[in-house]
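Structure data (mmCIF, C-alpha atoms and all ligand atoms) from final-v1.cif:
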```
data_data
loop_
_atom_site.label_atom_id
_atom_site.label_comp_id
_atom_site.auth_asym_id
_atom_site.auth_seq_id
_atom_site.Cartn_x
_atom_site.Cartn_y
_atom_site.Cartn_z
CA MET F 1107 -45.73 178.34 280.27
CA SER F 1108 -44.98 181.65 278.62
CA SER F 1109 -47.49 184.43 278.61
CA ARG F 1110 -48.84 185.96 275.40
CA SER F 1111 -46.60 189.00 275.84
CA ASP F 1112 -43.58 186.63 276.33
CA SER F 1113 -44.34 184.89 273.07
CA ASN F 1114 -44.78 188.26 271.36
CA ASN F 1115 -41.41 189.32 272.74
CA ASN F 1116 -39.83 186.06 271.53
CA SER F 1117 -41.22 186.40 268.04
CA THR F 1118 -40.08 190.07 267.88
CA SER F 1119 -36.58 189.16 268.99
CA ASN F 1120 -36.48 186.23 266.49
CA LYS F 1121 -37.44 188.68 263.77
CA ASN F 1122 -34.71 191.05 264.97
CA TYR F 1123 -32.14 188.23 264.87
CA ARG F 1124 -33.23 187.23 261.37
CA SER F 1125 -33.08 190.77 260.09
CA ARG F 1126 -29.67 191.33 261.77
CA ASP F 1127 -28.45 188.05 260.27
CA LYS F 1128 -29.71 189.12 256.83
CA LYS F 1129 -28.04 192.53 257.18
CA GLU F 1130 -24.75 190.92 258.19
CA LYS F 1131 -24.89 188.50 255.26
CA LYS F 1132 -25.59 191.41 252.91
CA LYS F 1133 -22.71 193.36 254.42
CA ALA F 1134 -20.34 190.40 254.07
CA PHE F 1135 -21.45 189.90 250.46
CA ARG F 1136 -20.92 193.59 249.71
CA LYS F 1137 -17.44 193.39 251.21
CA GLN F 1138 -16.58 190.24 249.23
CA THR F 1139 -17.83 191.90 246.04
CA ASN F 1140 -15.88 195.03 246.79
CA ASP F 1141 -12.69 193.08 247.56
CA TYR F 1142 -13.14 191.09 244.35
CA LEU F 1143 -13.58 194.21 242.22
CA CYS F 1144 -10.55 195.88 243.85
CA ALA F 1145 -8.48 192.73 243.21
CA LEU F 1146 -9.74 192.70 239.62
CA GLU F 1147 -8.77 196.35 239.14
CA GLN F 1148 -5.29 195.56 240.46
CA PHE F 1149 -5.06 192.51 238.20
CA CYS F 1150 -5.82 194.72 235.17
CA ARG F 1151 -3.50 197.48 236.38
CA ARG F 1152 -0.63 194.98 236.66
CA ALA F 1153 -1.18 193.95 233.03
CA GLN F 1154 -1.45 197.61 232.01
CA ASN F 1155 1.94 198.26 233.62
CA VAL F 1156 3.82 195.56 231.70
CA ASP F 1157 6.27 197.28 229.36
CA ASN F 1158 6.40 194.60 226.70
CA MET F 1159 3.67 191.98 226.38
CA LEU F 1160 5.53 190.41 223.45
CA GLU F 1161 8.66 189.71 225.51
CA ASN F 1162 7.64 186.07 226.05
CA LEU F 1163 5.99 185.71 222.64
CA LYS F 1164 9.10 186.10 220.49
CA PRO F 1165 7.98 183.58 217.78
CA PHE F 1166 4.93 185.81 217.23
CA SER F 1167 6.79 189.07 216.86
CA THR F 1168 7.39 188.65 213.15
CA TYR F 1169 4.95 188.16 210.29
CA ASN F 1170 6.23 186.79 206.99
CA LYS F 1171 3.42 185.97 204.61
CA ASN F 1172 1.73 187.18 201.43
CA ASP F 1173 4.56 189.59 200.50
CA LEU F 1174 4.62 191.09 203.99
CA THR F 1175 7.76 190.97 206.14
CA LEU F 1176 6.82 192.69 209.35
CA THR F 1177 8.04 193.07 212.91
CA LEU F 1178 5.56 193.48 215.72
CA SER F 1179 6.35 195.65 218.73
CA TYR F 1180 4.43 196.47 221.89
CA MET F 1181 4.30 200.04 223.17
CA LYS F 1182 2.62 202.28 225.67
CA SER F 1183 1.06 205.24 223.88
CA GLU F 1184 2.75 207.70 226.23
CA LEU F 1185 6.07 206.77 224.59
CA PHE F 1186 4.93 207.76 221.10
CA ASP F 1187 6.44 210.78 219.48
CA ASP F 1188 4.43 213.04 217.19
CA SER F 1189 5.38 211.17 214.02
CA VAL F 1190 4.10 207.82 215.41
CA ARG F 1191 0.86 209.45 216.52
CA ASP F 1192 0.43 210.92 213.03
CA GLU F 1193 1.08 207.56 211.32
CA ILE F 1194 -1.48 205.80 213.53
CA PHE F 1195 -4.06 208.50 213.07
CA LEU F 1196 -3.61 208.53 209.31
CA ILE F 1197 -4.38 204.79 208.99
CA PHE F 1198 -7.29 205.16 211.38
CA GLU F 1199 -8.74 208.10 209.44
CA GLN F 1200 -8.31 206.43 206.03
CA ASN F 1201 -10.08 203.30 207.24
CA MET F 1202 -12.74 204.68 209.55
CA ARG F 1203 -13.64 208.31 208.89
CA GLU F 1204 -16.45 207.52 206.48
CA MET F 1205 -18.00 205.00 208.89
CA TYR F 1206 -17.83 207.47 211.78
CA GLU F 1207 -19.44 210.17 209.62
CA LYS F 1208 -22.37 207.84 208.96
CA SER F 1209 -22.64 206.82 212.63
CA ASP F 1210 -24.54 208.32 215.56
CA VAL F 1211 -21.33 209.54 217.21
CA GLY F 1212 -20.10 211.30 214.07
CA TRP F 1213 -16.51 212.15 213.21
CA ILE F 1214 -15.01 214.23 216.02
CA ARG F 1215 -11.28 214.27 215.37
CA LYS F 1216 -10.27 215.65 218.77
CA GLU F 1217 -12.25 213.03 220.73
CA LYS F 1218 -10.85 210.19 218.66
CA TRP F 1219 -7.32 211.53 218.95
CA GLU F 1220 -7.68 211.73 222.75
CA GLU F 1221 -9.02 208.17 222.94
CA LEU F 1222 -6.29 206.76 220.70
CA PHE F 1223 -3.51 208.42 222.67
CA ASP F 1224 -4.93 208.20 226.17
CA SER F 1225 -2.24 207.29 228.70
CA ASP F 1226 -3.95 203.90 229.22
CA ALA F 1227 -3.68 202.95 225.54
CA ARG F 1228 -1.36 200.06 224.74
CA TYR F 1229 -0.34 199.21 221.17
CA ILE F 1230 0.92 196.47 218.96
CA LEU F 1231 2.55 198.01 215.91
CA ALA F 1232 3.37 196.01 212.77
CA ARG F 1233 6.14 197.62 210.73
CA GLY F 1234 7.90 196.65 207.52
CA GLU F 1235 11.68 196.52 207.08
CA ASP F 1236 11.53 200.09 205.70
CA GLY F 1237 9.77 201.24 208.88
CA LEU F 1238 6.35 201.65 207.23
CA LEU F 1239 3.42 201.02 209.58
CA HIS F 1240 1.17 198.33 208.05
CA GLY F 1241 -1.22 197.85 210.94
CA PHE F 1242 -1.82 198.27 214.64
CA VAL F 1243 -3.93 197.17 217.56
CA HIS F 1244 -4.94 199.53 220.35
CA LEU F 1245 -5.68 197.50 223.46
CA ARG F 1246 -6.32 198.01 227.15
CA PHE F 1247 -6.75 195.73 230.15
CA VAL F 1248 -9.97 196.77 231.87
CA VAL F 1249 -12.73 195.66 234.22
CA GLU F 1250 -15.92 195.39 232.21
CA ASP F 1251 -19.16 193.93 233.52
CA ASN F 1252 -17.35 192.63 236.67
CA GLN F 1253 -14.88 190.76 234.51
CA ASP F 1254 -11.27 191.21 233.53
CA VAL F 1255 -11.18 191.94 229.84
CA LEU F 1256 -8.59 192.56 227.21
CA TYR F 1257 -10.45 195.27 225.30
CA CYS F 1258 -9.45 195.66 221.68
CA TYR F 1259 -10.19 199.35 221.12
CA GLU F 1260 -8.97 199.26 217.53
CA ILE F 1261 -7.54 196.96 214.97
CA GLN F 1262 -6.53 198.71 211.80
CA VAL F 1263 -4.65 197.40 208.81
CA ASN F 1264 -3.33 199.81 206.19
CA LYS F 1265 -5.49 199.54 203.04
CA ILE F 1266 -2.55 198.24 200.95
CA SER F 1267 -1.94 195.39 203.42
CA GLN F 1268 -5.53 194.26 204.04
CA SER F 1269 -6.67 190.70 203.24
CA LYS F 1270 -3.13 189.36 203.63
CA GLY F 1271 -3.71 187.67 206.95
CA LEU F 1272 -2.19 190.41 209.12
CA GLY F 1273 -5.47 191.20 210.94
CA THR F 1274 -5.98 187.52 211.76
CA PHE F 1275 -2.37 187.25 212.97
CA MET F 1276 -2.64 190.29 215.26
CA MET F 1277 -5.94 189.04 216.71
CA LYS F 1278 -4.29 185.67 217.43
CA VAL F 1279 -1.45 187.50 219.18
CA LEU F 1280 -4.09 189.24 221.31
CA GLU F 1281 -5.54 185.84 222.24
CA LEU F 1282 -2.09 184.66 223.31
CA ILE F 1283 -1.53 187.79 225.40
CA ALA F 1284 -4.92 187.31 227.04
CA PHE F 1285 -4.22 183.61 227.75
CA TYR F 1286 -0.68 184.08 229.11
CA ASN F 1287 -1.88 186.82 231.44
CA GLY F 1288 -4.95 184.90 232.62
CA PHE F 1289 -7.58 187.21 231.14
CA SER F 1290 -11.14 185.90 230.77
CA LYS F 1291 -12.15 187.42 227.48
CA ILE F 1292 -11.42 189.70 224.58
CA MET F 1293 -14.06 192.25 223.77
CA LEU F 1294 -14.50 194.84 221.07
CA THR F 1295 -17.05 197.16 219.51
CA VAL F 1296 -17.94 197.07 215.83
CA PHE F 1297 -20.25 199.33 213.79
CA ASP F 1298 -23.28 197.55 212.34
CA ILE F 1299 -22.41 198.89 208.90
CA ASN F 1300 -18.90 197.43 209.07
CA GLU F 1301 -19.99 194.18 207.44
CA GLU F 1302 -16.46 193.05 206.45
CA ALA F 1303 -15.17 193.44 209.99
CA LYS F 1304 -18.20 191.58 211.39
CA VAL F 1305 -17.50 188.70 209.00
CA PHE F 1306 -13.85 188.83 210.04
CA TYR F 1307 -14.60 188.63 213.77
CA LYS F 1308 -17.54 186.25 213.72
CA ASN F 1309 -16.90 183.89 210.81
CA LYS F 1310 -13.14 183.92 210.72
CA LEU F 1311 -12.21 184.32 214.38
CA GLY F 1312 -15.19 182.85 216.26
CA TYR F 1313 -16.34 185.98 218.12
CA VAL F 1314 -19.97 186.13 219.27
CA VAL F 1315 -22.30 188.94 220.30
CA ASP F 1316 -21.49 189.66 223.95
CA PRO F 1317 -24.28 189.59 226.58
CA PHE F 1318 -23.18 193.17 227.34
CA SER F 1319 -23.99 194.29 223.78
CA PRO F 1320 -26.96 196.68 223.47
CA ASP F 1321 -30.13 194.84 222.40
CA GLU F 1322 -32.21 195.73 219.35
CA GLU F 1323 -34.64 197.89 221.35
CA GLU F 1324 -31.78 200.21 222.32
CA GLU F 1325 -31.42 201.10 218.63
CA CYS F 1326 -27.63 201.44 218.67
CA ASP F 1327 -25.59 201.38 215.49
CA TYR F 1328 -22.89 199.15 216.88
CA GLU F 1329 -22.51 195.84 218.64
CA ILE F 1330 -20.12 194.42 221.16
CA VAL F 1331 -18.58 191.08 220.31
CA SER F 1332 -16.33 188.93 222.45
CA LYS F 1333 -14.41 185.71 222.70
CA VAL F 1334 -13.96 183.77 225.92
CA ILE F 1335 -10.35 182.81 226.58
CA LYS F 1336 -9.49 179.38 227.91
CA ASN F 1337 -8.63 179.42 231.60
CA ASN F 1338 -4.91 179.46 232.29
CA PRO F 1339 -4.39 177.39 235.47
CA LYS F 1340 -0.89 178.81 235.94
CA ILE F 1341 -2.23 182.28 236.65
CA ASP F 1342 -3.47 183.16 240.11
CA ARG F 1343 -6.43 185.40 239.36
CA PRO F 1344 -9.16 186.94 241.51
CA LYS F 1345 -12.02 184.52 242.17
CA LEU F 1346 -15.60 185.58 241.57
CA PRO F 1347 -17.36 185.44 244.98
CA GLU F 1348 -20.10 182.83 245.22
CA GLY F 1349 -23.47 184.41 244.47
CA LEU F 1350 -22.05 187.33 242.50
CA THR F 1351 -23.38 187.18 238.99
CA LEU F 1352 -22.17 189.09 235.99
CA THR F 1353 -24.69 191.70 234.98
CA SER F 1354 -25.49 192.62 231.42
C1 LIG Z 1401 -10.91 194.21 209.52
C2 LIG Z 1401 -9.42 194.12 209.34
C3 LIG Z 1401 -8.72 194.50 210.62
C4 LIG Z 1401 -9.06 192.68 208.97
O1 LIG Z 1401 -7.68 192.59 208.81
P1 LIG Z 1401 -7.07 191.92 207.46
O2 LIG Z 1401 -5.61 191.84 207.62
O3 LIG Z 1401 -7.59 192.65 206.29
O4 LIG Z 1401 -7.78 190.50 207.60
P2 LIG Z 1401 -7.22 189.06 207.17
O5 LIG Z 1401 -6.48 189.14 205.88
O6 LIG Z 1401 -6.53 188.46 208.31
O7 LIG Z 1401 -8.60 188.31 207.00
C5 LIG Z 1401 -9.44 188.76 205.97
C6 LIG Z 1401 -10.80 188.25 206.26
O8 LIG Z 1401 -11.53 189.21 206.96
C7 LIG Z 1401 -12.67 189.60 206.21
N1 LIG Z 1401 -12.37 190.96 205.78
C8 LIG Z 1401 -12.40 191.98 206.65
N2 LIG Z 1401 -12.12 193.12 206.05
C9 LIG Z 1401 -11.87 192.85 204.77
C10 LIG Z 1401 -11.51 193.65 203.66
N3 LIG Z 1401 -11.39 194.98 203.73
N4 LIG Z 1401 -11.30 193.05 202.50
C11 LIG Z 1401 -11.44 191.70 202.43
N5 LIG Z 1401 -11.77 190.92 203.44
C12 LIG Z 1401 -11.99 191.48 204.60
C13 LIG Z 1401 -12.88 188.56 205.14
O9 LIG Z 1401 -13.73 187.58 205.69
C14 LIG Z 1401 -11.50 187.97 204.94
O10 LIG Z 1401 -11.55 186.57 204.82
P3 LIG Z 1401 -10.70 185.84 203.66
O11 LIG Z 1401 -9.26 186.23 203.83
O12 LIG Z 1401 -10.92 184.37 203.91
O13 LIG Z 1401 -11.29 186.34 202.39
C15 LIG Z 1401 -8.88 195.03 208.19
O14 LIG Z 1401 -9.47 194.64 206.98
C16 LIG Z 1401 -9.12 196.49 208.42
O15 LIG Z 1401 -8.26 197.18 208.98
N6 LIG Z 1401 -10.27 197.00 207.98
C17 LIG Z 1401 -10.60 198.42 208.10
C18 LIG Z 1401 -10.68 198.88 209.52
C19 LIG Z 1401 -11.70 198.12 210.32
O16 LIG Z 1401 -12.82 197.92 209.91
N7 LIG Z 1401 -11.27 197.74 211.53
C20 LIG Z 1401 -12.14 197.05 212.45
C21 LIG Z 1401 -12.87 198.04 213.26
S1 LIG Z 1401 -13.98 197.26 214.40
#
```
Have the structure of the file written as structure tokens, please.
Amino acid sequence: MSSRSDSNNNSTSNKNYRSRDKKEKKKAFRKQTNDYLCALEQFCRRAQNVDNMLENLKPFSTYNKNDLTLTLSYMKSELFDDSVRDEIFLIFEQNMREMYEKSDVGWIRKEKWEELFDSDARYILARGEDGLLHGFVHLRFVVEDNQDVLYCYEIQVNKISQSKGLGTFMMKVLELIAFYNGFSKIMLTVFDINEEAKVFYKNKLGYVVDPFSPDEEEECDYEIVSKVIKNNPKIDRPKLPEGLTLTS
């Protein structure tokens, strides 16, 4: 028969075991999470490093419709010369300046320039036979909310070429790039006042408000929309550890 102090000792050591066990489980979970996030970062980095995402999408590198005969190319922003940067910025400014001026962030040319031509920026450029730039997409492969995301930083179509299907075509090309590289979703940010673009994403392309989007109480003047990409079983991608949930 054990004495009272024996039973006290037993219960204390049981508690110690339980708490040690809990600590070890937590530690293992933290390690799994950490390993997963590192693997995810590497997964995105590998996609970032690809020189030409259109290499295996040759049938989608031309657009011939509604009087437009365009060739699409994929480029890292660090390869742009000054004239390409100027062309991109001009379309961006013509389309967006007014909206930025009305927004909370305002129009800060230098900041926007730096974002557009950051060394991580990747581009799809749509040019006519005469070399004129009709539209572009600025994209990056990033970890967002513990998920691998193809983030569409910008899609801009020159005013003269809008409503001719080019925006839809370039967004479809993005979906193909995401699918062939095993990415989980495409995400982008849109100003609340940009009604046409919201119609374009939501009604035309099937994007929905992302769980990561600020809620109404946060009083932001933009929303984040996304589209989940069908799983590509051919791609070996990092697996979300059991018990790790995506935060929003
Ligand atoms: C939004 C944008 C990329 C769409 O590209 P697009 O080539 O004009 O779009 P498409 O021709 O493929 O599709 C047009 C559809 O999008 C919507 N739409 C979006 N912008 C439009 C515009 N300026 N004029 C007409 N329709 C527009 C309509 O629903 C339209 O549908 P419909 O063709 O059935 O009428 C382009 O209009 C644009 O560059 N707009 C200014 C910049 C901008 O807002 N970028 C998005 C920032 S988040």
(message) Report, in Å to a single decimal, how far apart CA of Asn1201 in chain F and atom C5 of ligand LIG 1401 (chain Z) are.
(response)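 Pair atom C5 of ligand LIG 1401 (chain Z) / CA of Asn1201 in chain F returns 14.6 Å.
Interatomic distance, CA of Phe1275 in chain F to atom O6 of ligand LIG 1401 (chain Z): 6.4 Å.
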(request) Determine the nearest neighbour of ligand LIG 1401 (chain Z) from the options F:Ser1209, F:Gln1268, F:Asn1338, F:Ser1332, counting all atoms listed in the file. (result) F:Gln1268
(message) Given only C-alpha atoms as the basis, pick out the residue of F:Lys1208, F:Lys1345, F:Arg1228, F:Lys1216 nearest to Phe1247 in chain F.
(response)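 Using only C-alpha atoms, Phe1247 in chain F sits closest to F:Arg1228.
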(request) Could you check how far atom C12 of ligand LIG 1401 (chain Z) sits from CA of Val1243 in chain F, in Å to one decimal? (result)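 Answer for the atom C12 of ligand LIG 1401 (chain Z) to CA of Val1243 in chain F separation: 16.3 Å.
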(request) Find the residue from F:Met1202, F:Cys1326, F:Ile1230, F:Leu1238 that sits nearest to ligand LIG 1401 (chain Z); use all atoms listed in the file when measuring. (result)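 Comparing F:Met1202, F:Cys1326, F:Ile1230, F:Leu1238 against ligand LIG 1401 (chain Z), the winner is F:Met1202.
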(message) Neighbours of ligand LIG 1401 (chain Z) at 10 Å or closer, counting only C-alpha atoms and all ligand atoms: which residues, as JSON, numbers by chain?
(response) {"F": [1172, 1197, 1198, 1199, 1200, 1201, 1202, 1203, 1205, 1240, 1241, 1242, 1243, 1258, 1259, 1260, 1261, 1262, 1263, 1264, 1265, 1266, 1267, 1268, 1269, 1270, 1271, 1272, 1273, 1274, 1275, 1276, 1277, 1278, 1294, 1295, 1296, 1297, 1298, 1299, 1300, 1301, 1302, 1303, 1304, 1305, 1306, 1307, 1308, 1309, 1310, 1311, 1328, 1329, 1330, 1331]}
(message) For range 1156-1162 of chain F, find every residue with an atom within 8 Å (counting all atoms listed in the file), except residues of its own chain fewer than 4 positions away, and show them as a PyMOL selection string.
(response) chain F and resi 1152+1166-1167+1179-1182+1283
Would you export the selected residues with C-alpha atoms as a PDB file, in the coordinates of the input, please?
```
ATOM      1  CA  ARG F1152      -0.630 194.980 236.660  1.00  0.00           C
ATOM      2  CA  PHE F1166       4.930 185.810 217.230  1.00  0.00           C
ATOM      3  CA  SER F1167       6.790 189.070 216.860  1.00  0.00           C
ATOM      4  CA  SER F1179       6.350 195.650 218.730  1.00  0.00           C
ATOM      5  CA  TYR F1180       4.430 196.470 221.890  1.00  0.00           C
ATOM      6  CA  MET F1181       4.300 200.040 223.170  1.00  0.00           C
ATOM      7  CA  LYS F1182       2.620 202.280 225.670  1.00  0.00           C
ATOM      8  CA  ILE F1283      -1.530 187.790 225.400  1.00  0.00           C
TER       9      ILE F1283
END
```
Where is the centre and how long are the edges: axis-aligned box on range 1287-1295 of chain F, 3 Å on each side, Å to one decimal, as AutoDock Vina command-line options:
```
--center_x -9.5 --center_y 191.0 --center_z 226.1 --size_x 21.2 --size_y 18.3 --size_z 19.1
```
(message) Between F:Arg1246, F:Glu1323, F:Pro1347, F:Arg1215, which residue has the minimum interatomic distance to Ile1292 in chain F, considering only C-alpha atoms?
(response) F:Arg1246
(message) From the options F:Lys1164, F:Tyr1169, F:Pro1317, F:Glu1147, which residue's atoms come nearest to Leu1282 in chain F, counting only C-alpha atoms?
(response)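 For Leu1282 in chain F, the nearest of the candidates is F:Lys1164.
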(message) Taking only C-alpha atoms into account, name the residue in F:Thr1351, F:Val1190, F:Gly1212, F:Lys1336 that is nearest to Asn1252 in chain F.
(response)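 When distances to Asn1252 in chain F are compared using only C-alpha atoms, the smallest one comes from F:Thr1351.
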Non-local contacts of Val1248 in chain F (12 Å; all atoms listed in the file; under 4 positions in same chain excluded) as a short mmCIF file (atom, residue, chain, number, x, y, z; two decimals) with C-alpha atoms, in the frame of the given file:
```
data_model
loop_
_atom_site.label_atom_id
_atom_site.label_comp_id
_atom_site.auth_asym_id
_atom_site.auth_seq_id
_atom_site.Cartn_x
_atom_site.Cartn_y
_atom_site.Cartn_z
CA LEU F 1143 -13.58 194.21 242.22
CA LEU F 1146 -9.74 192.70 239.62
CA GLU F 1147 -8.77 196.35 239.14
CA GLN F 1148 -5.29 195.56 240.46
CA PHE F 1149 -5.06 192.51 238.20
CA CYS F 1150 -5.82 194.72 235.17
CA ARG F 1151 -3.50 197.48 236.38
CA ARG F 1152 -0.63 194.98 236.66
CA ALA F 1153 -1.18 193.95 233.03
CA GLN F 1154 -1.45 197.61 232.01
CA ASP F 1226 -3.95 203.90 229.22
CA ALA F 1227 -3.68 202.95 225.54
CA ARG F 1228 -1.36 200.06 224.74
CA ASN F 1252 -17.35 192.63 236.67
CA GLN F 1253 -14.88 190.76 234.51
CA ASP F 1254 -11.27 191.21 233.53
CA VAL F 1255 -11.18 191.94 229.84
CA LEU F 1256 -8.59 192.56 227.21
CA TYR F 1257 -10.45 195.27 225.30
CA CYS F 1258 -9.45 195.66 221.68
CA TYR F 1259 -10.19 199.35 221.12
CA ALA F 1284 -4.92 187.31 227.04
CA PHE F 1289 -7.58 187.21 231.14
CA SER F 1290 -11.14 185.90 230.77
CA LYS F 1291 -12.15 187.42 227.48
CA ILE F 1292 -11.42 189.70 224.58
CA MET F 1293 -14.06 192.25 223.77
CA LEU F 1294 -14.50 194.84 221.07
#
```
(request) Find the residues near Gly1288 in chain F: any atom within 8 Å, counting only C-alpha atoms, skip ones fewer than 6 places away on the same chain, and give them as a ChimeraX atom specification. (result) /F:1337-1338,1341-1343
(message) Taking 5 positions as the minimum chain separation for residues in the same chain, which residues sit within 12 Å of Gln1138 in chain F when counting only C-alpha atoms? Answer as a PyMOL selection string.
(response) chain F and resi 1131-1133+1143-1145+1344-1350
